[in-house]
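In what follows, a single structure is set out as structure tokens and then discussed.
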Amino acid sequence: MTMVDRPIDKPATGGKPRDRSSGGPPRRRNKALFWFALPGTALLLLFHYVPLLGNIIAFQDYQPFTGINHSPWSGFGNFEILFNGDPAFVHALVNTLELTLIQVVFVFPLPILLALLLNSLVSERIKRIVQNVLYLPHFLSWVVIVAIFQQMLGNAGLVNVFLQAHDMGTWSIIGNPDLFKELLTSQVIWKDTGWATILFLAALSRVDTDLYEAAAVDGASPLRQTWHVTLPALRGLVILLFILRLGDALSVGFEQILLQQTGLDRSTTEVLDTYVYNNGLIAGQWGVSAAVGLVKGMVGVALVLGANKVAHLFGEEGIYRK
């Protein structure tokens with residue numbers, strides 16, 4: 001038997017010979033991977049799918065002391081708040097849609113632009129240093145982020161202290177309801193834009209450099225190389241992330257907003273997530289809050305499925321194939 005020969009096992013009942021070097025059947029070969037995936041799967045089921053059963057309280061006049069089994073049924077009565085024009089709910093819905101639109105238009109494209117800029121850096125050492133600096137805010141909690149912005153932009157913050165020391169007045173940002181949405185957007189940009197570039201940089205690293213060389217030979221400028229080579233390479237990833245973003249379209253930073261609501265008018269700062277919290281845990285309207293949360297989740301699923309269908313019509317895979 002030569003070095004290139006491989007021992008072959010012939011099955012007793014016919015069929016193709018099995019190569020011992022393949023490691024056996026796929027199920028046996030991947031058994032270790034199944035065991036590694038089991039804890040994550042168990043946590044996903046326990047904390048994401050089992051709690052979905054609690055949505056039943058959206059159809060009940062739920063009281064915590066009586067429990068789900070003994071709370072009276074109310075049918076679709078809790079959903080009337082969605083259609084009767086309740087001012088608090090309308091304000092929360094409008095604020096949510098406005099913040100969603102702002103973040104889709106201004107926040108979503110920034111990681112793409114930043115990834116293109118980082119990818120254009122020639123020095124790998126400088127690129128790594130810049131990446132590490134940009135990634136750092138992502139690992140800070142919203143409590144720390146809000147505290148930093150208050151120390152910098154608050155009425156007694158560093159910026160206003162500097163302005164007062166030079167007789168330039170003050171700049172009211174923290175606690176100003178007219179600038180609340182702009183403040184939230186700037187915090188999201190500072191915290192998550194750098195971290196969001198990771199996927200785009202990974203996709204850019206897979207682009208064949210021969211394509212850039214061929215485009216340069218044809219006389220394409222760096223801008224046209226970006227337009228005809230780089231952006232097409234990112235198109236599938238951008239569409240995938242945009243579809244997933246639509247699934248969270250009605251979720252716009254619960255913890256971030258809750259930390260900064262104190263002292264401000266709820267009609268300006270309330271969003272659907274804080275509305276569910278304030279009316280459920282705080283005001284005790286459990287059924288109404290569950291109904292709003294259930295509808296919000298269903299809208300998110302509908303947006304994802306609809307956007308994925310549109311992606312299929314344009315020849316893209318989306319989040320799953322046809």
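Each chain in the structure tokens gets a letter, A, B and so on, in the order shown; residues start at 1 in every chain, and ligands are counted from 1 in the order they appear.
Omitting segment 201-209 of chain A and its sequence neighbours fewer than 3 positions away, and counting only C-alpha atoms, the residues within 7 Å are A:Ala115, A:Asn119, A:Thr197, A:Ile198, A:Tyr212, A:Glu213, A:Ala233, A:Leu234.
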With N, CA and C atoms kept, could you save the residues just selected as a PDB file, in the first residue's frame?
```pdb
ATOM      1  N   ALA A 115     -16.157  52.397   8.074  1.00  0.00           N
ATOM      2  CA  ALA A 115     -15.417  51.215   7.624  1.00  0.00           C
ATOM      3  C   ALA A 115     -14.654  51.503   6.335  1.00  0.00           C
ATOM      4  N   ASN A 119     -10.688  51.299   6.080  1.00  0.00           N
ATOM      5  CA  ASN A 119     -10.115  50.400   5.081  1.00  0.00           C
ATOM      6  C   ASN A 119      -9.143  51.117   4.156  1.00  0.00           C
ATOM      7  N   THR A 197     -18.642  48.709  12.827  1.00  0.00           N
ATOM      8  CA  THR A 197     -17.794  48.602  11.639  1.00  0.00           C
ATOM      9  C   THR A 197     -17.147  47.237  11.501  1.00  0.00           C
ATOM     10  N   ILE A 198     -17.197  46.406  12.546  1.00  0.00           N
ATOM     11  CA  ILE A 198     -16.479  45.130  12.521  1.00  0.00           C
ATOM     12  C   ILE A 198     -16.936  44.261  11.353  1.00  0.00           C
ATOM     13  N   TYR A 212      -9.466  45.769  -7.666  1.00  0.00           N
ATOM     14  CA  TYR A 212      -9.022  47.162  -7.589  1.00  0.00           C
ATOM     15  C   TYR A 212      -7.919  47.443  -8.625  1.00  0.00           C
ATOM     16  N   GLU A 213      -7.014  46.481  -8.784  1.00  0.00           N
ATOM     17  CA  GLU A 213      -5.943  46.674  -9.761  1.00  0.00           C
ATOM     18  C   GLU A 213      -6.499  46.753 -11.175  1.00  0.00           C
ATOM     19  N   ALA A 233     -19.549  44.803  -3.036  1.00  0.00           N
ATOM     20  CA  ALA A 233     -19.132  43.732  -2.130  1.00  0.00           C
ATOM     21  C   ALA A 233     -19.855  43.810  -0.785  1.00  0.00           C
ATOM     22  N   LEU A 234     -20.285  44.999  -0.414  1.00  0.00           N
ATOM     23  CA  LEU A 234     -20.979  45.181   0.865  1.00  0.00           C
ATOM     24  C   LEU A 234     -22.498  45.106   0.731  1.00  0.00           C
TER      25      LEU A 234
END
```
Tell me which protein, DNA and RNA residues are within 10 Å of segment 127-132 of chain A, counting only C-alpha atoms, leaving out same-chain ones fewer than 4 positions away, and put them as an mmCIF file with N, CA, C and O atoms, in the first residue's frame.
```
data_model
loop_
_atom_site.group_PDB
_atom_site.id
_atom_site.type_symbol
_atom_site.label_atom_id
_atom_site.label_comp_id
_atom_site.auth_asym_id
_atom_site.auth_seq_id
_atom_site.Cartn_x
_atom_site.Cartn_y
_atom_site.Cartn_z
ATOM 1 N N ALA A 115 -16.157 52.397 8.074
ATOM 2 C CA ALA A 115 -15.417 51.215 7.624
ATOM 3 C C ALA A 115 -14.654 51.503 6.335
ATOM 4 O O ALA A 115 -13.520 51.049 6.163
ATOM 5 N N LEU A 117 -13.489 54.418 5.440
ATOM 6 C CA LEU A 117 -12.361 55.271 5.797
ATOM 7 C C LEU A 117 -11.243 54.458 6.446
ATOM 8 O O LEU A 117 -10.057 54.639 6.132
ATOM 9 N N LEU A 118 -11.601 53.558 7.362
ATOM 10 C CA LEU A 118 -10.588 52.732 8.013
ATOM 11 C C LEU A 118 -9.905 51.809 7.010
ATOM 12 O O LEU A 118 -8.694 51.570 7.090
ATOM 13 N N ASN A 119 -10.688 51.299 6.080
ATOM 14 C CA ASN A 119 -10.115 50.400 5.081
ATOM 15 C C ASN A 119 -9.143 51.117 4.156
ATOM 16 O O ASN A 119 -8.248 50.489 3.577
ATOM 17 N N SER A 120 -9.302 52.427 4.018
ATOM 18 C CA SER A 120 -8.418 53.197 3.139
ATOM 19 C C SER A 120 -7.085 53.549 3.796
ATOM 20 O O SER A 120 -6.179 54.022 3.109
ATOM 21 N N LEU A 121 -6.967 53.332 5.109
ATOM 22 C CA LEU A 121 -5.707 53.618 5.785
ATOM 23 C C LEU A 121 -4.629 52.645 5.326
ATOM 24 O O LEU A 121 -4.841 51.434 5.265
ATOM 25 N N VAL A 122 -3.473 53.175 5.018
ATOM 26 C CA VAL A 122 -2.379 52.342 4.518
ATOM 27 C C VAL A 122 -1.673 51.616 5.659
ATOM 28 O O VAL A 122 -1.371 50.423 5.571
ATOM 29 N N SER A 123 -1.440 52.312 6.749
ATOM 30 C CA SER A 123 -0.704 51.731 7.869
ATOM 31 C C SER A 123 -1.625 50.837 8.702
ATOM 32 O O SER A 123 -2.641 51.295 9.237
ATOM 33 N N LEU A 136 -13.977 51.081 22.028
ATOM 34 C CA LEU A 136 -14.058 51.205 23.485
ATOM 35 C C LEU A 136 -15.423 51.647 24.000
ATOM 36 O O LEU A 136 -15.939 51.041 24.958
ATOM 37 N N PRO A 137 -16.092 52.680 23.430
ATOM 38 C CA PRO A 137 -17.376 53.108 24.004
ATOM 39 C C PRO A 137 -18.454 52.027 24.008
ATOM 40 O O PRO A 137 -19.364 52.062 24.849
ATOM 41 N N GLY A 194 -18.451 52.745 16.090
ATOM 42 C CA GLY A 194 -17.179 52.058 15.930
ATOM 43 C C GLY A 194 -17.323 50.550 15.967
ATOM 44 O O GLY A 194 -16.742 49.830 15.142
ATOM 45 N N TRP A 195 -18.112 50.060 16.920
ATOM 46 C CA TRP A 195 -18.294 48.612 17.048
ATOM 47 C C TRP A 195 -18.999 48.033 15.832
ATOM 48 O O TRP A 195 -18.701 46.914 15.404
ATOM 49 N N THR A 197 -18.642 48.709 12.827
ATOM 50 C CA THR A 197 -17.794 48.602 11.639
ATOM 51 C C THR A 197 -17.147 47.237 11.501
ATOM 52 O O THR A 197 -16.588 46.930 10.442
ATOM 53 N N ILE A 198 -17.197 46.406 12.546
ATOM 54 C CA ILE A 198 -16.479 45.130 12.521
ATOM 55 C C ILE A 198 -16.936 44.261 11.353
ATOM 56 O O ILE A 198 -16.132 43.717 10.593
#
```
Alpha helix (DSSP H) per DSSP on the backbone: members of segment 110-158 of chain A, as a PyMOL selection string: chain A and resi 110-119+124-135+142-153+158
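One finds atom CA of Leu110 of chain A at 15.5 Å from atom CA of Leu184 of chain A.
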Let me make sure I understand: among A:Leu116, A:Gly253, A:Trp35, A:Ile126, which one has the smallest atom-to-atom distance to Val229 of chain A if we use only C-alpha atoms? A:Leu116
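The space separating atom CA of Gln63 of chain A from atom CA of Gly297 of chain A comes to 22.5 Å.
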Taking only C-alpha atoms into account, name the residue in A:Tyr62, A:Leu114, A:Ala88, A:Ala215 that is nearest to Ala196 of chain A. A:Leu114
What gap, in Å, lies between atom CA of Asn176 of chain A and atom CA of Gln261 of chain A? 10.9 Å
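Distances here use only C-alpha atoms; by that measure, the residue among A:Phe180, A:Trp171, A:Trp142, A:Trp286 closest to Thr268 of chain A is A:Phe180.
Take the candidates A:Gly306, A:Gly175, A:Pro39, A:Gly315 and check each one against Gly247 of chain A using only C-alpha atoms; the shortest distance goes to A:Gly306.
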Give me, as a tab-separated table, the closest atom pair and its distance (Å, one decimal) for every residue of segment 250-313 of chain A within a cut-off of 8 Å of segment 78-82 of chain A, counting only C-alpha atoms, rows sorted by chain and rising number.
```
residue	atom	partner	partner_atom	distance
A:Gly287	CA	A:Asn78	CA	6.0
A:Val288	CA	A:Asn78	CA	4.8
A:Ala291	CA	A:Phe79	CA	5.9
A:Val292	CA	A:Phe79	CA	7.3
```
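For the residues A:Leu250, A:Val217, A:Val188, A:Leu244, ranking by smallest atom-to-atom distance to Phe106 of chain A using only C-alpha atoms places A:Val188 first.
Across A:Pro177, A:Leu44, A:Leu163, A:Ala249, the tightest approach to Thr262 of chain A is made by A:Pro177 when counting only C-alpha atoms.
For segment 6-212 of chain A, a DSSP pass over the backbone yields strand (DSSP E) at Ile8, Asp9, Arg18 and Asp19 of chain A.
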